[in-house]
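So the structure is just underneath, and the comments pick up after that.
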Amino acid sequence: MSPFTIDNKVGEVVTVFPKASDIFKSNRIDFCCGGNLTIKEAAAKQMISAEQLITQLNMLYRQSNPNKDYINWKEKSFSHIVHYIEETHHQYLKEELPQLTPYITKIYKVHGNKHHQLEKVKTLFQQLKTELLEHLMLEENTQFPLIEEYDRHPTHETLERAVSQLDRLEKDHQNVGNILKELRKVTNNYHLPEGACRTFQLVYKRLEHLEEDTLSHIHIENNILFKRLFNLYA
């Protein structure tokens with residue numbers, strides 16, 4: 001029996017089988033902010049065959065070792081998930097965003113007259129950087145400590161505080177997702193122009209990796225951490 005059907009939700013599939021994110025990404029299917037769509041709905045949105053998508057997913061599932069590098073999030077405490085997010089994804093963003101900034105400024109100054117998309121890339125990246133750094137501060141200084149407090153003292157009052165700003169955080173994720181989609185659009189899926197210099201190549205490669213890490217980051221928060229808390233509060 002095949003593990004996945006067209007009625008499975010995209011986010012749930014990635015939670016069970018993380019490598020599915022590669023297939024969704026290659027088909028431009030949003031598995032973090034759009035994780036509540038079924039595979040059938042997501043495929044229709046991208047005007048691709050849901051049946052072919054399912055065939056790809058199930059084939060990859062059978063070929064892969066589903067337990068390799070797999071974290072069973074259902075067995076992890078809220079505090080464990082919070083620490084993982086901070087140590088893995090937050091730390092990456094705190095290092096990468098300021099490091100990437102001067103490279104983006106450089107290629108805009110050197111190549112902006114010829115490659116007009118770079119002005120938009122520079123503007124979108126600055127928006128992304130501002131949005132993400134403000135978001136990290138809200139999570140680390142306010143919401144994550146409240147989630148950890150609930151983990152230590154699971155009462156209705158602490159749960160209420162733990163979910164108090166999750167709606168706002170999910171809206172932040174949606175904004176970030178929209179900026180990432182626009183960056184991919186203006187760069188023509190990070191397609192390098194002919195004769196692109198090494199710095200140009202470096203920027204596009206690192207922007208694409210930034211997108212990949214941020215989508216995984218949002219997925220863990222929306223579809224695992226926040227969803228569990230919302231389900232308890234419902």
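Convention: chains lettered A, B, ... in structure tokens order; per-chain residue numbering from 1; ligands numbered from 1 as shown.
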
**Request:** For stretch 72-77 of chain A, list every protein, DNA or RNA residue within 9 Å, evaluated using only C-alpha atoms, and leave out those in the same chain fewer than 5 positions away; present the list as a VMD selection string.
**Result:** chain A and resid 15 to 16 82 151 224 to 225 228

**Item:** Those in stretch 14-100 of chain A with helix (DSSP H, G or I) from DSSP, as a VMD selection string
**Value:** chain A and resid 14 to 16 20 to 26 39 to 45 50 to 63 73 to 75 78 to 100

**Asked** Got a sec: who's within 10 Å of stretch 50-56 of chain A, counting only C-alpha atoms, leaving out chain neighbours fewer than 2 positions off, as number ranges by chain?
**Response** A: 2-8, 20, 23-24, 27, 38-44, 46-48, 58-61

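From atom CA of A:Ile218 back to atom CA of A:His173, the distance works out to 6.5 Å.
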
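Nearest to A:Glu170 of all the residues A:His135, A:Lys122, A:His80, A:His90 is A:His135, counting only C-alpha atoms.
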
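Distances here use only C-alpha atoms; by that measure, the residue among A:Glu87, A:Glu157, A:Glu148, A:Glu140 closest to A:Tyr233 is A:Glu157.
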
**Message:** My list of candidates is A:Glu139, A:Asp30, A:Glu12, A:Glu96. Which is closest to A:Arg206 when distances are computed with only C-alpha atoms?
**Reply:** A:Glu96

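In terms of minimum interatomic distance to A:Phe200, A:His111 ranks closest within A:His89, A:Lys9, A:Lys25, A:His111, counting only C-alpha atoms.
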
**Request:** Compile the contact shell of stretch 113-119 of chain A as a ChimeraX atom specification: residues with an atom at most 12 Å away, counting only C-alpha atoms, same-chain residues fewer than 2 positions apart removed.
**Result:** /A:103-111,121-126,182-188,190-196,200,203-204
